[in-house]
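J.: Got entry.cif for you, mmCIF, C-alpha atoms and all ligand atoms:
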```cif
data_upload
loop_
_atom_site.label_atom_id
_atom_site.label_comp_id
_atom_site.auth_asym_id
_atom_site.auth_seq_id
_atom_site.Cartn_x
_atom_site.Cartn_y
_atom_site.Cartn_z
CA MET Y 1 -43.42 13.50 25.64
CA LYS Y 2 -40.32 14.58 27.53
CA ALA Y 3 -38.62 11.32 26.67
CA PHE Y 4 -39.57 11.81 23.04
CA LEU Y 5 -38.14 15.35 22.99
CA LEU Y 6 -35.01 14.09 24.74
CA ALA Y 7 -34.63 11.40 22.13
CA ILE Y 8 -35.00 14.03 19.39
CA ALA Y 9 -32.42 16.23 21.13
CA ILE Y 10 -29.99 13.34 21.49
CA TYR Y 11 -30.53 12.44 17.86
CA LEU Y 12 -29.86 16.04 16.79
CA MET Y 13 -26.78 16.26 19.02
CA ALA Y 14 -25.48 12.96 17.67
CA GLY Y 15 -25.97 14.32 14.18
CA TRP Y 16 -24.17 17.49 15.12
CA ALA Y 17 -21.27 15.55 16.64
CA LEU Y 18 -20.94 13.41 13.53
CA GLN Y 19 -21.01 16.47 11.29
CA ALA Y 20 -18.44 18.19 13.51
CA ALA Y 21 -16.17 15.17 13.32
CA THR Y 22 -16.56 14.99 9.55
CA ALA Y 23 -16.01 18.72 9.23
CA GLN Y 24 -12.59 18.33 10.85
CA ILE Y 25 -11.43 16.45 7.78
CA ASN Y 26 -10.88 18.14 4.44
CA ARG Y 27 -10.54 15.83 1.49
CA ASP Y 28 -9.64 16.29 -2.14
CA VAL Y 29 -7.81 14.53 -4.95
CA VAL Y 30 -4.20 15.10 -5.94
CA HIS Y 31 -2.70 13.57 -9.05
CA ILE Y 32 0.92 12.53 -8.60
CA GLY Y 33 2.24 11.32 -11.90
CA GLU Y 34 0.00 8.52 -13.14
CA ARG Y 35 -1.69 7.93 -9.81
CA ALA Y 36 -4.62 9.59 -8.09
CA TYR Y 37 -4.40 10.04 -4.33
CA LEU Y 38 -7.18 10.86 -1.96
CA ARG Y 39 -5.70 13.56 0.26
CA SER Y 40 -7.12 14.04 3.74
CA HIS Y 41 -6.24 16.78 6.24
CA ARG Y 42 -7.22 16.72 9.88
CA ASN Y 43 -6.59 19.17 12.70
CA ILE Y 44 -5.48 16.91 15.58
CA SER Y 45 -6.43 19.15 18.50
CA PRO Y 46 -6.40 18.63 21.52
CA PHE Y 47 -2.79 17.69 20.89
CA ASN Y 48 -1.01 20.78 22.04
CA PHE Y 49 0.35 23.21 19.51
CA ASP Y 50 3.40 24.13 21.59
CA HIS Y 51 5.06 20.79 22.13
CA GLN Y 52 6.65 17.79 20.53
CA LEU Y 53 4.77 15.19 18.57
CA ASP Y 54 5.76 11.82 17.22
CA MET Y 55 4.09 9.65 14.61
CA SER Y 56 4.29 6.11 13.30
CA VAL Y 57 2.32 4.21 10.67
CA ASP Y 58 1.82 0.47 10.41
CA SER Y 59 -0.71 -1.38 8.24
CA GLY Y 60 -2.61 1.82 7.55
CA VAL Y 61 -2.98 2.75 11.23
CA ILE Y 62 -1.41 6.03 12.24
CA ALA Y 63 -0.21 6.38 15.85
CA ILE Y 64 0.45 9.80 17.36
CA SER Y 65 1.97 10.70 20.70
CA GLY Y 66 2.27 14.21 22.07
CA TRP Y 67 1.10 16.68 24.67
CA LEU Y 68 -2.63 16.76 25.27
CA GLU Y 69 -4.46 19.77 26.53
CA VAL Y 70 -6.51 18.53 29.46
CA PRO Y 71 -9.38 20.69 30.80
CA ASP Y 72 -8.74 21.81 34.38
CA ALA Y 73 -5.61 19.69 34.71
CA GLN Y 74 -1.95 19.64 33.87
CA GLU Y 75 -1.38 18.68 30.27
CA GLN Y 76 -0.19 15.13 29.81
CA LEU Y 77 1.50 12.90 27.33
CA GLY Y 78 -1.19 11.28 25.25
CA ILE Y 79 -1.62 8.85 22.42
CA GLN Y 80 -4.22 8.44 19.67
CA HIS Y 81 -4.65 6.21 16.63
CA PHE Y 82 -6.30 7.05 13.31
CA ASP Y 83 -7.10 4.99 10.26
CA HIS Y 84 -5.67 6.12 6.93
CA TRP Y 85 -8.84 8.11 6.22
CA LEU Y 86 -7.93 10.02 9.41
CA PHE Y 87 -10.93 8.80 11.36
CA PRO Y 88 -9.93 8.32 15.01
CA LEU Y 89 -9.96 4.73 16.26
CA HIS Y 90 -10.45 6.04 19.80
CA ASN Y 91 -10.40 9.28 21.75
CA PRO Y 92 -6.99 10.56 22.86
CA VAL Y 93 -5.81 8.75 25.99
CA TRP Y 94 -3.25 9.75 28.55
CA VAL Y 95 -0.22 7.51 28.43
CA ASP Y 96 0.11 7.31 32.20
CA PRO Y 97 -2.60 9.15 34.15
CA ASP Y 98 -1.29 7.75 37.46
CA ARG Y 99 2.09 9.35 36.98
CA ALA Y 100 1.50 12.98 36.12
CA GLU Y 101 5.15 13.74 35.49
CA ARG Y 102 6.55 16.04 32.90
CA ALA Y 103 8.24 14.07 30.17
CA ILE Y 104 11.53 15.43 28.88
CA SER Y 105 11.20 13.45 25.67
CA HIS Y 106 8.91 10.87 24.21
CA SER Y 107 8.57 8.60 21.22
CA ALA Y 108 6.07 6.12 19.87
CA ASP Y 109 6.40 3.29 17.42
CA ALA Y 110 3.70 1.00 16.10
CA ARG Y 111 3.78 -2.46 14.59
CA SER Y 112 1.34 -5.35 14.40
CA GLY Y 113 -1.45 -3.51 16.15
CA ARG Y 114 0.68 -2.50 19.12
CA THR Y 115 2.15 0.88 19.87
CA VAL Y 116 4.96 1.42 22.32
CA ALA Y 117 5.16 4.79 24.03
CA PHE Y 118 8.45 5.80 25.56
CA TRP Y 119 9.05 8.79 27.76
CA GLY Y 120 11.69 10.14 30.06
CA ALA Y 121 10.28 11.66 33.23
CA ARG Y 122 11.98 14.59 34.90
CA THR Y 123 10.20 14.66 38.23
CA GLY Y 124 8.84 12.18 40.75
CA THR Y 125 10.53 8.83 40.35
CA GLY Y 126 12.13 10.03 37.12
CA GLY Y 127 13.68 7.56 34.76
CA ASN Y 128 12.64 6.19 31.37
CA TRP Y 129 9.34 4.44 31.01
CA LEU Y 130 7.63 2.27 28.43
CA ARG Y 131 3.99 1.46 27.98
CA ILE Y 132 2.30 -0.62 25.29
CA PHE Y 133 -1.11 0.15 23.79
CA SER Y 134 -3.40 -1.56 21.34
CA SER Y 135 -4.45 0.37 18.25
CA GLN Y 136 -7.77 0.91 20.03
CA GLY Y 137 -5.97 2.87 22.75
CA GLU Y 138 -6.22 0.19 25.42
CA PRO Y 139 -3.14 -0.20 27.63
CA LEU Y 140 -1.81 -3.74 27.29
CA ALA Y 141 0.39 -3.56 30.38
CA PRO Y 142 1.25 -1.25 33.26
CA SER Y 143 3.97 1.32 32.73
CA THR Y 144 7.43 -0.26 32.96
CA LEU Y 145 10.51 1.50 34.26
CA VAL Y 146 13.39 0.66 31.95
CA GLY Y 147 16.25 2.66 33.36
CA HIS Y 148 17.49 6.00 34.54
CA MET Y 149 19.32 7.72 31.74
CA GLN Y 150 19.90 11.34 30.99
CA ASN Y 151 19.98 12.98 27.60
CA ALA Y 152 17.41 10.76 25.99
CA PRO Y 153 18.03 10.85 22.25
CA THR Y 154 15.67 11.83 19.51
CA ARG Y 155 14.48 8.52 18.18
CA LEU Y 156 14.49 6.02 20.92
CA VAL Y 157 12.15 3.15 20.52
CA GLY Y 158 11.32 0.55 17.93
CA ILE Y 159 9.00 -2.42 17.99
CA SER Y 160 9.40 -5.67 16.08
CA GLU Y 161 6.84 -8.31 15.18
CA SER Y 162 7.77 -10.43 18.20
CA ASN Y 163 9.42 -8.27 20.83
CA VAL Y 164 9.67 -4.69 21.90
CA LEU Y 165 13.22 -3.58 21.43
CA ALA Y 166 13.88 -0.13 22.71
CA LEU Y 167 17.07 1.77 22.40
CA ILE Y 168 16.95 4.04 25.37
CA GLY Y 169 19.86 6.34 25.24
CA VAL Y 170 23.44 7.34 25.48
CA GLN Y 171 25.41 7.86 28.64
CA ALA Y 172 29.15 8.23 28.97
CA TYR Y 173 29.64 7.13 25.34
CA SER Y 174 27.76 3.92 25.73
CA MET Y 175 24.29 3.01 24.59
CA ARG Y 176 21.73 0.77 26.14
CA TRP Y 177 18.96 -1.13 24.56
CA TYR Y 178 16.34 -3.44 25.87
CA SER Y 179 14.45 -6.47 24.72
CA ILE Y 180 11.09 -6.91 26.36
CA ASP Y 181 9.14 -10.10 25.88
CA LEU Y 182 5.54 -9.48 24.90
CA GLN Y 183 4.17 -12.94 25.63
CA PRO Y 184 4.28 -13.06 28.58
CA LEU Y 185 5.07 -9.43 29.00
CA GLY Y 186 7.77 -8.26 31.31
CA ASN Y 187 11.01 -10.20 30.84
CA LEU Y 188 13.39 -7.35 30.28
CA THR Y 189 16.95 -7.76 29.10
CA GLN Y 190 19.37 -4.87 29.04
CA PHE Y 191 22.37 -4.55 26.78
CA VAL Y 192 25.04 -1.91 27.11
CA GLY Y 193 27.57 -1.35 24.38
CA PRO Y 194 30.18 1.14 23.23
CA MET Y 195 29.43 3.84 20.70
CA GLY Y 196 32.88 5.16 19.93
CA GLY Y 197 32.23 8.60 21.34
CA TYR Y 198 29.38 9.70 19.13
CA ASN Y 199 26.68 11.42 20.98
CA THR Y 200 23.49 12.18 19.12
CA ILE Y 201 21.27 9.31 18.10
CA SER Y 202 19.12 10.24 15.13
CA ASP Y 203 17.28 7.02 14.40
CA VAL Y 204 16.60 3.52 15.63
CA GLU Y 205 15.04 0.71 13.64
CA ILE Y 206 14.40 -2.89 14.64
CA SER Y 207 14.34 -5.76 12.17
CA PRO Y 208 10.91 -7.45 12.00
CA GLU Y 209 12.17 -10.70 13.52
CA SER Y 210 14.09 -8.87 16.29
CA SER Y 211 17.40 -10.31 15.09
CA TYR Y 212 19.17 -6.96 14.98
CA ALA Y 213 18.69 -3.23 15.26
CA VAL Y 214 20.26 -0.42 13.30
CA VAL Y 215 21.15 2.78 15.09
CA SER Y 216 22.27 5.95 13.37
CA TYR Y 217 24.02 8.77 15.09
CA THR Y 218 26.08 11.80 14.44
CA ASN Y 219 28.83 13.86 15.92
CA TYR Y 220 29.85 17.36 15.06
CA PHE Y 221 33.38 18.33 14.25
CA SER Y 222 34.84 20.93 16.52
CA ASN Y 223 34.57 23.60 13.82
CA GLY Y 224 30.84 22.96 13.76
CA GLN Y 225 30.67 22.93 10.00
CA PHE Y 226 30.27 19.26 9.29
CA THR Y 227 28.44 16.38 10.78
CA ARG Y 228 29.76 12.84 10.72
CA VAL Y 229 26.99 10.37 10.05
CA PHE Y 230 27.32 6.80 11.29
CA TYR Y 231 25.19 3.76 11.57
CA GLN Y 232 25.80 0.67 13.64
CA ILE Y 233 24.24 -2.79 13.78
CA VAL Y 234 23.55 -4.21 17.24
CA TYR Y 235 22.36 -7.72 18.11
CA PRO Y 236 20.31 -9.14 20.97
CA ASP Y 237 23.28 -11.21 22.14
CA SER Y 238 24.85 -7.84 22.96
CA ALA Y 239 27.34 -8.00 20.08
CA PHE Y 240 27.92 -4.60 18.55
CA ASP Y 241 29.27 -4.26 15.03
CA ALA Y 242 31.79 -1.52 14.41
CA PRO Y 243 30.21 1.79 13.42
CA VAL Y 244 30.06 2.45 9.66
CA GLU Y 245 30.78 6.02 8.70
CA VAL Y 246 28.46 7.13 5.93
CA ALA Y 247 29.59 10.57 5.03
CA LEU Y 248 30.73 13.99 6.15
CA TYR Y 249 27.39 15.65 5.63
CA ASP Y 250 24.33 16.80 7.46
CA VAL Y 251 22.23 14.00 8.76
CA VAL Y 252 18.58 13.80 7.86
CA SER Y 253 16.39 12.90 10.78
CA ASP Y 254 14.79 9.49 10.71
CA CYS Y 255 17.49 8.65 8.21
CA VAL Y 256 17.91 4.87 8.37
CA GLU Y 257 15.18 2.35 7.61
CA ILE Y 258 15.42 -1.43 7.50
CA LEU Y 259 14.07 -2.68 4.17
CA LEU Y 260 13.04 -6.13 3.13
CA ASN Y 261 15.89 -8.62 2.59
CA ASP Y 262 17.98 -7.03 5.34
CA GLU Y 263 18.93 -3.99 3.32
CA LEU Y 264 19.10 -0.47 4.68
CA GLY Y 265 17.68 2.71 3.22
CA ILE Y 266 19.84 5.68 4.22
CA ALA Y 267 19.36 9.40 3.54
CA PHE Y 268 21.50 12.41 4.28
CA SER Y 269 22.04 15.85 2.85
CA SER Y 270 25.01 17.85 1.66
CA ASN Y 271 26.81 20.63 3.45
CA PRO Y 272 26.38 23.31 2.23
CA PRO Y 273 22.79 22.19 1.70
CA GLY Y 274 21.19 21.68 -1.67
CA VAL Y 275 21.63 17.97 -2.43
CA ILE Y 276 19.86 15.03 -0.82
CA TYR Y 277 21.65 11.68 -1.03
CA LEU Y 278 19.82 8.38 -0.90
CA GLN Y 279 21.62 5.08 -0.45
CA ARG Y 280 20.57 1.49 -0.30
CA ARG Y 281 23.08 -0.74 1.49
CA LEU Y 282 23.51 -4.28 2.64
CA ILE Y 283 23.98 -4.37 6.38
CA ASP Y 284 27.66 -5.13 5.83
CA GLY Y 285 27.91 -1.62 4.39
CA THR Y 286 28.01 -2.45 0.65
CA VAL Y 287 26.22 0.26 -1.35
CA VAL Y 288 23.82 -1.35 -3.82
CA ARG Y 289 22.04 1.80 -5.05
CA ALA Y 290 22.72 5.50 -4.75
CA ALA Y 291 20.89 8.59 -5.93
CA GLU Y 292 21.22 12.36 -5.59
CA LEU Y 293 18.31 14.78 -5.66
CA ASP Y 294 18.21 18.55 -5.60
CA GLY Y 295 16.50 20.19 -2.68
CA LEU Y 296 16.78 21.41 0.88
CA TYR Y 297 15.86 18.42 2.96
CA TYR Y 298 13.46 18.69 5.82
CA ASP Y 299 12.67 15.04 6.36
CA VAL Y 300 12.78 11.76 4.52
CA THR Y 301 11.52 8.25 5.06
CA PHE Y 302 11.38 4.88 3.27
CA ASP Y 303 8.90 2.04 3.27
CA ASP Y 304 10.15 -1.53 3.60
CA GLN Y 305 10.33 -1.87 -0.20
CA GLY Y 306 12.57 1.19 -0.45
CA ALA Y 307 9.96 3.61 -1.79
CA CYS Y 308 10.84 7.06 -0.49
CA VAL Y 309 9.05 10.21 0.61
CA LEU Y 310 10.88 13.51 0.80
CA LEU Y 311 9.84 16.68 2.59
CA THR Y 312 11.82 19.65 1.32
CA ARG Y 313 11.88 23.27 2.44
CA VAL Y 314 11.21 25.80 -0.30
CA SER Y 315 10.89 28.74 2.09
CA ASN Y 316 9.92 29.28 5.72
CA THR Y 317 6.27 29.06 4.78
CA LEU Y 318 6.38 26.61 1.89
CA PHE Y 319 7.32 22.96 2.07
CA HIS Y 320 7.11 20.40 -0.70
CA LEU Y 321 6.39 16.72 -0.63
CA GLN Y 322 7.81 14.35 -3.23
CA LEU Y 323 7.13 10.65 -3.68
CA LEU Y 324 9.68 8.27 -5.23
CA ASP Y 325 9.17 4.62 -6.12
CA ALA Y 326 11.49 1.83 -4.92
CA GLN Y 327 13.81 2.55 -7.86
CA TRP Y 328 13.82 6.18 -6.68
CA VAL Y 329 12.13 7.40 -9.82
CA ALA Y 330 9.98 10.41 -8.95
CA LEU Y 331 6.26 9.59 -9.19
CA GLY Y 332 5.59 13.26 -9.90
CA PRO Y 333 7.00 16.73 -9.26
CA PRO Y 334 7.30 18.11 -5.71
CA PHE Y 335 4.05 19.71 -4.57
CA ASP Y 336 2.55 21.78 -1.76
CA PHE Y 337 0.84 19.08 0.27
CA THR Y 338 -0.95 21.52 2.61
CA GLU Y 339 -3.38 22.89 0.02
CA ASN Y 340 -7.04 22.70 1.00
CA SER Y 341 -6.14 22.04 4.65
CA GLY Y 342 -7.92 25.16 5.93
CA ALA Y 343 -4.69 26.42 7.49
CA ALA Y 344 -2.94 29.51 6.18
CA PRO Y 345 -0.37 30.85 6.42
CA TYR Y 346 1.44 27.81 7.66
CA ARG Y 347 4.81 26.64 8.60
CA VAL Y 348 6.08 23.16 9.26
CA ILE Y 349 7.28 23.33 12.83
CA ASP Y 350 10.62 21.90 13.88
CA ASP Y 351 9.49 20.36 17.12
CA ILE Y 352 8.21 17.13 15.65
CA ARG Y 353 10.06 13.87 16.10
CA LYS Y 354 8.85 12.21 12.97
CA ARG Y 355 7.12 14.20 10.28
CA LEU Y 356 6.75 11.58 7.59
CA ALA Y 357 5.71 7.98 7.32
CA ILE Y 358 4.89 5.64 4.46
CA ASP Y 359 3.41 2.17 4.77
CA ASN Y 360 1.37 0.12 2.32
CA ASP Y 361 1.41 3.10 -0.08
CA VAL Y 362 -0.26 5.32 2.52
CA VAL Y 363 1.76 8.47 3.14
CA ALA Y 364 1.24 10.41 6.38
CA VAL Y 365 2.62 13.86 7.17
CA LEU Y 366 2.55 15.58 10.55
CA TRP Y 367 2.88 19.33 10.39
CA GLY Y 368 1.96 22.57 12.10
CA ALA Y 369 0.50 25.92 11.11
CA TYR Y 370 1.86 28.73 13.24
CA ASN Y 371 -0.74 31.42 12.93
CA GLY Y 372 -3.70 32.75 11.02
CA PRO Y 373 -6.95 30.87 10.46
CA GLY Y 374 -6.66 27.20 11.28
CA ALA Y 375 -3.43 27.44 13.30
CA GLY Y 376 -2.60 24.14 14.99
CA TRP Y 377 -1.26 20.66 14.40
CA TYR Y 378 -2.33 18.79 11.29
CA LEU Y 379 -2.20 15.24 10.09
CA THR Y 380 -2.30 14.74 6.32
CA SER Y 381 -2.66 11.39 4.60
CA LEU Y 382 -2.37 10.39 0.95
CA THR Y 383 -4.16 7.20 -0.04
CA PRO Y 384 -3.83 5.99 -3.64
CA PHE Y 385 -7.12 5.04 -5.29
CA LEU Y 386 -8.62 4.24 -8.68
CA PRO Y 387 -11.65 6.34 -9.68
CA GLY Y 388 -14.56 3.96 -10.14
CA ASP Y 389 -13.09 1.14 -8.02
CA MET Y 390 -16.33 0.97 -6.06
CA ASN Y 391 -15.87 -2.53 -4.64
CA ARG Y 392 -12.40 -1.53 -3.38
CA ASP Y 393 -10.47 -4.46 -4.83
CA GLY Y 394 -7.81 -2.38 -6.57
CA LEU Y 395 -9.25 -2.91 -10.06
CA VAL Y 396 -11.81 -1.07 -12.17
CA ASN Y 397 -14.00 -3.54 -14.05
CA ASN Y 398 -17.51 -4.96 -14.35
CA PHE Y 399 -17.40 -6.20 -10.77
CA ASP Y 400 -17.68 -2.54 -9.72
CA ILE Y 401 -21.11 -2.06 -11.34
CA ASP Y 402 -23.22 -3.40 -8.48
CA ALA Y 403 -21.25 -1.42 -5.89
CA PHE Y 404 -21.56 1.73 -8.03
CA VAL Y 405 -25.34 1.33 -8.22
CA PHE Y 406 -25.40 0.62 -4.47
CA ALA Y 407 -23.47 3.85 -3.73
CA LEU Y 408 -25.79 5.86 -6.01
CA SER Y 409 -28.93 4.48 -4.38
CA ASN Y 410 -27.88 4.44 -0.71
CA LEU Y 411 -24.57 6.11 0.05
CA PRO Y 412 -24.62 5.60 3.86
CA ALA Y 413 -25.33 1.89 3.49
CA TYR Y 414 -22.67 1.58 0.79
CA ALA Y 415 -20.11 3.39 2.97
CA ALA Y 416 -20.89 1.16 5.95
CA THR Y 417 -20.70 -2.01 3.85
CA TYR Y 418 -17.34 -1.13 2.34
CA ASN Y 419 -15.92 0.50 5.49
CA ILE Y 420 -15.17 3.79 3.79
CA PRO Y 421 -16.09 7.34 4.81
CA GLU Y 422 -19.02 8.71 2.80
CA ASP Y 423 -17.05 11.73 1.61
CA ALA Y 424 -14.25 9.44 0.39
CA ALA Y 425 -16.81 7.22 -1.39
CA VAL Y 426 -18.17 10.30 -3.16
CA ILE Y 427 -14.68 11.17 -4.40
CA ILE Y 428 -14.00 7.63 -5.66
CA GLY Y 429 -17.36 7.50 -7.47
CA ASP Y 430 -17.28 11.08 -8.77
CA ILE Y 431 -16.09 10.05 -12.22
CA ASP Y 432 -16.90 13.36 -13.93
CA GLU Y 433 -15.08 15.19 -11.11
CA ASP Y 434 -17.82 17.76 -10.52
CA GLY Y 435 -17.69 17.27 -6.74
CA ALA Y 436 -20.81 15.10 -6.45
CA LEU Y 437 -21.69 11.45 -6.87
CA ASN Y 438 -24.97 11.31 -8.79
CA ASN Y 439 -26.61 10.16 -12.00
CA PHE Y 440 -24.36 12.39 -14.08
CA ASP Y 441 -21.53 10.00 -13.18
CA ILE Y 442 -23.24 7.01 -14.80
CA ASP Y 443 -22.22 7.69 -18.40
CA PRO Y 444 -18.59 8.52 -17.50
CA PHE Y 445 -18.54 5.34 -15.36
CA VAL Y 446 -19.74 3.26 -18.32
CA LEU Y 447 -17.09 4.88 -20.52
CA LEU Y 448 -14.48 4.15 -17.85
CA LEU Y 449 -15.45 0.47 -17.79
CA ALA Y 450 -15.32 0.41 -21.60
CA GLY Y 451 -11.68 1.41 -21.32
CA ASP Y 452 -12.14 4.92 -22.66
CA CA N 1 -13.00 -2.79 -8.31
CA CA N 2 -19.92 13.69 -10.33
#
```
Using the file provided, produce a representation of the structure as structure tokens.

T.:
Amino acid sequence: MKAFLLAIAIYLMAGWALQAATAQINRDVVHIGERAYLRSHRNISPFNFDHQLDMSVDSGVIAISGWLEVPDAQEQLGIQHFDHWLFPLHNPVWVDPDRAERAISHSADARSGRTVAFWGARTGTGGNWLRIFSSQGEPLAPSTLVGHMQNAPTRLVGISESNVLALIGVQAYSMRWYSIDLQPLGNLTQFVGPMGGYNTISDVEISPESSYAVVSYTNYFSNGQFTRVFYQIVYPDSAFDAPVEVALYDVVSDCVEILLNDELGIAFSSNPPGVIYLQRRLIDGTVVRAAELDGLYYDVTFDDQGACVLLTRVSNTLFHLQLLDAQWVALGPPFDFTENSGAAPYRVIDDIRKRLAIDNDVVAVLWGAYNGPGAGWYLTSLTPFLPGDMNRDGLVNNFDIDAFVFALSNLPAYAATYNIPEDAAVIIGDIDEDGALNNFDIDPFVLLLAGD
């Protein structure tokens, strides 16, 4: 009898835990131009509200690094991965539990199922360290000391398909970067090259085949009114191209991305602020496309096709998100992406390394709400979908009928079969948009299939 009651209790607790986990995610639909997006918000506690965070997205997996609140212990740098529905792929893990040192900076970058965490330690042995994790949170190698440099820059590590290539920092007007073999892991090559006296690195990107990296950096004129924005191509044979000066404007963080076909996507803003400039360049510096948009930039990023996401500041408590296609045509007007998050009033906090990411049409935003109900760190994702695409093949047609009937008759089994959260399945099948998936959706579904 006791065992039976225990089993009931465990069952109830498991149900509670599942409901609690589901309740952390708020989902709704936003229409951006012609497309419908499933918007998900998640509070990412126990990542600490007071400290830096970094984010990266690859193949629909979102990697986060930041400070973790640890019960009865000193908070530590941690890492966690989520799928694009914002379900965690594992619990948060400490990056290096054996070395409880305060990091002075950190960064994480993900590609091909691997995430590299970088941090600069202030105490103990100090120095700059790298560690590599799988997207399931398993460490793939021990922590590796990669140098002792001060003034670690903002964006300091990138990972390619084949090698980890980390740009570590700037010291005495030189920069260092490292190539670390992944198979077998450990062969570490260091390159040191000149930077022409520029001192704040704003971005680092590595080409997928590890054949070059692009580094952007800035320096302020002595009058403090303008920022010079540069980018520079560096190669694994330690050759360093001459820096290319982009403009005399404010730099936008995370401002250079490597696109397909060895082009660069570059973004910066005007001074005085009010205009955001987008450029597409060949790596020799030739401008192949340029655009200007109104707005006060807050962050910007590109996918490898050149599609662009902009985060603009409307006021201290209102930020807008805007999506542009690869031709930089706006998919829809700027909008308040934080609606329905459960957090208000909110403010996007400065102390985030990378606020935006876009990959495979999934947009992720990392943001913070300062006070009021729901204060904390939030992760928001936008996943495009077609209402009625029940078999999840990107089309709406007669092949969706069986899956639609399946979802109507047994939603949990449907969700498990198609690897989709139940609440997301309800939204995709809720053709009449009344908030439920039920028999009242049958007629609208039939009309949808008929092309009405
Ligand atoms: Ca379909
Ligand atoms: Ca409905």

J.: For ligand CA 1 (chain N), return the neighbouring residues as a PyMOL selection string (distance at most 9 Å; only C-alpha atoms and all ligand atoms).

T.: chain Y and resi 386+388-401+403

J.: With distances taken over only C-alpha atoms, which residue among Y:Leu382, Y:Ala36, Y:Ile420, Y:Leu366 lies nearest Lys354 (chain Y)?

T.: Y:Leu366

J.: Got a sec to check which residues lie within 7 Å of ligand CA 2 (chain N), using all atoms listed in the file, and send them as a list of chain:residue names?

T.: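 Written in the requested form, the residues are Y:Asp430, Y:Ile431, Y:Asp432, Y:Glu433, Y:Asp434, Y:Gly435, Y:Ala436, Y:Leu437, Y:Asn438, Y:Phe440, Y:Asp441.
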
J.: May I have the residues within 6 Å of region 126-141 of chain Y as a list in words, using only C-alpha atoms and disregarding those fewer than 4 positions away in the same chain?

T.: Leu89, His90, Gly113, Arg114, Thr115, Val116, Ala117, Phe118, Trp119, Gly120, Ala121, Arg122, Leu145, Val146, Gly147 and His148 of chain Y

J.: So that I can see what lies close to His41 (chain Y), please list as number ranges by chain the residues with an atom at most 7 Å from it, counting only C-alpha atoms and leaving out residues fewer than 6 positions away in the same chain.

T.: Y: 25-27, 341, 378-381
